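Undergrad: Structure provided below as structure tokens; questions to follow.
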Amino acid sequence: MNFISTRNASPVATLSQAIAAGLAPDGGLYVPEQLPAARELQPGANLAETAAALLQPFFAGDGLAQALPAICAEAFDSPAPLQALATANDHVLELFHGPTAAFKDFGARFLAASLSRVRAGQARPLTIVVATSGDTGAAVAAAFHNQPNLQVVVLYPDGRVSPRQAHQLGCLGGNIRALRVAGSFDDCQAMAKQALGDAELQAQVPLSSANSISLGRLLPQMSYYAHAALSHRAAHGGLLNFVIPTGNLGNAMAAIMARALGVPLGRIVLATNANRVLPDYFAGGPYQPKASVATLANAMDVGAPSNFERLRWLYAGDDAALRGAFQSFAVGDATIRDTIAARYSQFGEVFCPHTATAVHVLEQLRRSGEAAADEHWAVAATAHPAKFESVVEPLIGREVAVPPALAELLKRPAHAEPCATEYSALREKLL
Ligand SMILES: *Cc1c(COP(=O)(O)O)cnc(C)c1O
């Protein structure tokens, strides 16, 4: 299969080329030339097998096709269990069992497994430039650590990520460099984009991205939705509906694409924090990117959701159709706090602040009857609550046990270099 840019002004690319490039040369995002129909997926298959079957048409004819099962086995070596919640017909899809305890581990590990094969035998290392509001950088750094021929430069907004997130970024060393930028996530993202569009720089230092715009992260994320939908259908019949905590729209876009391929998913609802560009758009307003505001769900502090361009492409630019297909709701910090505290005191359930936005939206849909009592819904649990202990622990009045993989990372010493918000500062560091 070939891939094209959402802006239609780039040559078609093979999968390997699209994965290695990150952003298309015209500044657009790579999308498949046409959507393949999902093949018959086996409900009894494990996550890695489901991923290999689902992704096979995207890899057809590419140099990576033979390696797809091995890539999936490396990327999907931690589980994504669908667990029942205390409230009837509500579930949670736990996506936080990987090395950095967030869903981004799956995409980052898939991208690293793919890129290490694409770049094998190349003379110069490829440098991955990644802007992060916390979790992306950690997942990418952990996935690329010690991968031959690959380096990572992570930019994060100084003081706007949790101490544990900052630690995860700075503790790897070796081929991983952490830059703490005196600005917001949007500043970091703008700097990374500028570097990726800087042809003169790239002639000296080959660069690529690993943000959620990267096709190598987007495609694999479809797999856990497919696996959950099939397991659920085998057990209960019917469609599984989802509420997905949303920032840059990478995770939700994967669910939307999986459904477009024919994976048996029901409704998909987007929960955001107080950054309400998407809720405003879906309520009928224009699409209007804004500066992001800092919230408790900091990995979703996004004012310009970059995958929106892919969503518009999927709906061929038809805003009316797109608005009709999805709902999106914003959840403020006070409600995030209340939700975390109430779910713990009522049911003993502990959620991270991101997951709590979706839990609240699901509660609202149930209360209003928009989600009928007999419908099955799942919340995507995007991070383990132990990553956000400074928010969660005071609300529930006890400590949250740290998962072992995360505890390993937190034991290492950490270091990050300061970096100014000007692009020239980043450029200098890359050269
Ligand atoms: C990145 C992240 C999100 C948002 O995902 P997007 O793909 O950017 O929409 C939500 N929750 C957590 C914990 C994250 O790390």
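Chains: A, B, ... in order of the structure tokens. Residues: from 1 per chain. Ligands: from 1, in order shown.
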Select from stretch 248-374 of chain A everything DSSP, run on the backbone, classes as helix (DSSP H, G or I), then give the selection as a PyMOL selection string.
TA: chain A and resi 250-261+277-282+298-300+308-314+319-325+333-347+353-368
Undergrad: Residues contacting ligand 1 - anything with an atom at most 9 Å away, using only C-alpha atoms and all ligand atoms - can you give me those as JSON, numbers by chain?
TA: {"A": [96, 101, 102, 103, 104, 132, 133, 134, 135, 136, 139, 211, 212, 218, 244, 245, 246, 247, 248, 249, 250, 251, 252, 253, 254, 270, 272, 297, 298, 299, 300, 301, 302, 305, 306, 307, 352, 353, 354, 355, 380, 381, 382, 383, 384, 387]}
Undergrad: Write the selection just made, keeping C-alpha atoms, as a PDB file, in the first residue's frame?
TA:
ATOM      1  CA  PHE A  96      -0.957   1.316  30.853  1.00  0.00           C
ATOM      2  CA  ALA A 101       2.739   3.026  32.158  1.00  0.00           C
ATOM      3  CA  ALA A 102       0.875   4.915  29.404  1.00  0.00           C
ATOM      4  CA  PHE A 103      -0.821   3.861  26.151  1.00  0.00           C
ATOM      5  CA  LYS A 104       1.909   5.594  24.186  1.00  0.00           C
ATOM      6  CA  THR A 132       6.065  16.055  24.667  1.00  0.00           C
ATOM      7  CA  SER A 133       3.551  17.187  27.228  1.00  0.00           C
ATOM      8  CA  GLY A 134       4.932  14.369  29.366  1.00  0.00           C
ATOM      9  CA  ASP A 135       3.968  10.869  28.336  1.00  0.00           C
ATOM     10  CA  THR A 136       5.020  10.821  24.680  1.00  0.00           C
ATOM     11  CA  ALA A 139       7.383   6.320  25.961  1.00  0.00           C
ATOM     12  CA  ASN A 211       4.775  12.518  17.809  1.00  0.00           C
ATOM     13  CA  SER A 212       1.280  11.212  17.346  1.00  0.00           C
ATOM     14  CA  LEU A 218      -1.022   5.789  14.704  1.00  0.00           C
ATOM     15  CA  ILE A 244     -11.417   8.270  24.808  1.00  0.00           C
ATOM     16  CA  PRO A 245      -9.372  10.887  26.693  1.00  0.00           C
ATOM     17  CA  THR A 246      -8.137  13.149  23.916  1.00  0.00           C
ATOM     18  CA  GLY A 247      -5.368  15.681  23.398  1.00  0.00           C
ATOM     19  CA  ASN A 248      -3.575  15.493  20.070  1.00  0.00           C
ATOM     20  CA  LEU A 249      -6.256  13.076  18.840  1.00  0.00           C
ATOM     21  CA  GLY A 250      -3.800  10.266  18.087  1.00  0.00           C
ATOM     22  CA  ASN A 251      -5.374   7.601  20.259  1.00  0.00           C
ATOM     23  CA  ALA A 252      -8.941   8.491  19.280  1.00  0.00           C
ATOM     24  CA  MET A 253      -7.993   8.770  15.598  1.00  0.00           C
ATOM     25  CA  ALA A 254      -6.739   5.180  15.745  1.00  0.00           C
ATOM     26  CA  LEU A 270     -13.933  12.282  22.778  1.00  0.00           C
ATOM     27  CA  THR A 272     -10.942  16.585  26.599  1.00  0.00           C
ATOM     28  CA  ALA A 297      -4.567  16.035  32.757  1.00  0.00           C
ATOM     29  CA  ASN A 298      -1.385  17.530  31.384  1.00  0.00           C
ATOM     30  CA  ALA A 299      -0.736  15.006  28.608  1.00  0.00           C
ATOM     31  CA  MET A 300      -3.908  16.417  27.037  1.00  0.00           C
ATOM     32  CA  ASP A 301      -2.915  20.097  27.316  1.00  0.00           C
ATOM     33  CA  VAL A 302      -3.145  20.651  23.579  1.00  0.00           C
ATOM     34  CA  PRO A 305      -4.747  18.811  18.044  1.00  0.00           C
ATOM     35  CA  SER A 306      -2.430  17.753  15.238  1.00  0.00           C
ATOM     36  CA  ASN A 307      -4.364  14.688  14.114  1.00  0.00           C
ATOM     37  CA  CYS A 352      -5.343   8.922  36.467  1.00  0.00           C
ATOM     38  CA  PRO A 353      -6.570  12.479  35.716  1.00  0.00           C
ATOM     39  CA  HIS A 354      -6.733  11.780  31.949  1.00  0.00           C
ATOM     40  CA  THR A 355      -8.795   8.647  32.346  1.00  0.00           C
ATOM     41  CA  ALA A 380      -9.715   4.027  27.459  1.00  0.00           C
ATOM     42  CA  ALA A 381      -7.456   4.168  30.542  1.00  0.00           C
ATOM     43  CA  THR A 382      -4.508   5.998  29.052  1.00  0.00           C
ATOM     44  CA  ALA A 383      -2.094   6.060  32.005  1.00  0.00           C
ATOM     45  CA  HIS A 384      -1.519   4.355  35.338  1.00  0.00           C
ATOM     46  CA  LYS A 387       2.308   8.433  37.178  1.00  0.00           C
TER      47      LYS A 387
END
Undergrad: What is the distance between atom CA of A:Ala258 and atom CA of A:Leu54, in Å to one decimal?
TA: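 If I compute the distance from atom CA of A:Ala258 to atom CA of A:Leu54, I get 8.8 Å.
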Undergrad: Please list as a list in words every residue within 7 Å of stretch 224-232 of chain A, counting only C-alpha atoms and excluding residues in the same chain fewer than 4 positions away.
TA: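 Everything that qualifies: Pro43, Leu47, Thr50, Ala80, Leu82, His236, Gly237, Leu239, Leu240, Ala255, Ala258, Val263, Pro264 and Leu265 of chain A.
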Undergrad: What is the atom CA of A:Gly183 to atom CA of A:Arg109 distance in Å?
TA: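 Here the two named atoms are 27.7 Å from each other.
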Undergrad: Quick one: residues within 10 Å of A:Ser292, only C-alpha atoms counted, chain neighbours fewer than 5 positions away excluded, as a list in words?
TA: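 Contacts, with the query itself left out: Ser184, Phe185, Asp186, Asp187, Ala274, Asn275, Arg276, Val277, Met300, Asp301, Val302, Gly303 and Ala304 of chain A.
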Undergrad: Any idea what's packed within 8 Å of A:Gln151, counting only C-alpha atoms, ignoring anything in its chain fewer than 4 positions away? Could you give it as a VMD selection string?
TA: chain A and resid 125 to 128 144 147 175 to 176
Undergrad: Write a file of the selected residues as an mmCIF file, in the first residue's frame, keeping C-alpha atoms.
TA:
data_model
loop_
_atom_site.group_PDB
_atom_site.id
_atom_site.type_symbol
_atom_site.label_atom_id
_atom_site.label_comp_id
_atom_site.auth_asym_id
_atom_site.auth_seq_id
_atom_site.Cartn_x
_atom_site.Cartn_y
_atom_site.Cartn_z
ATOM 1 C CA PRO A 125 22.080 7.712 12.741
ATOM 2 C CA LEU A 126 18.527 9.020 12.526
ATOM 3 C CA THR A 127 17.614 11.591 15.177
ATOM 4 C CA ILE A 128 14.056 11.514 16.443
ATOM 5 C CA PHE A 144 14.337 3.905 21.544
ATOM 6 C CA GLN A 147 18.432 1.062 19.683
ATOM 7 C CA ASN A 175 21.245 7.907 22.888
ATOM 8 C CA ILE A 176 18.468 9.890 24.625
#
Undergrad: Could you give me, as CSV, every stretch 78-180 of chain A residue with an atom at most 6 Å from stretch 373-378 of chain A, plus its closest atom pair and distance in Å to one decimal, counting only C-alpha atoms, rows ordered by chain then number?
TA:
residue,atom,partner,partner_atom,distance
A:Asn89,CA,A:His376,CA,4.9
A:Asp90,CA,A:Trp377,CA,5.1
A:His91,CA,A:Ala378,CA,4.4
A:Val92,CA,A:Ala378,CA,5.0
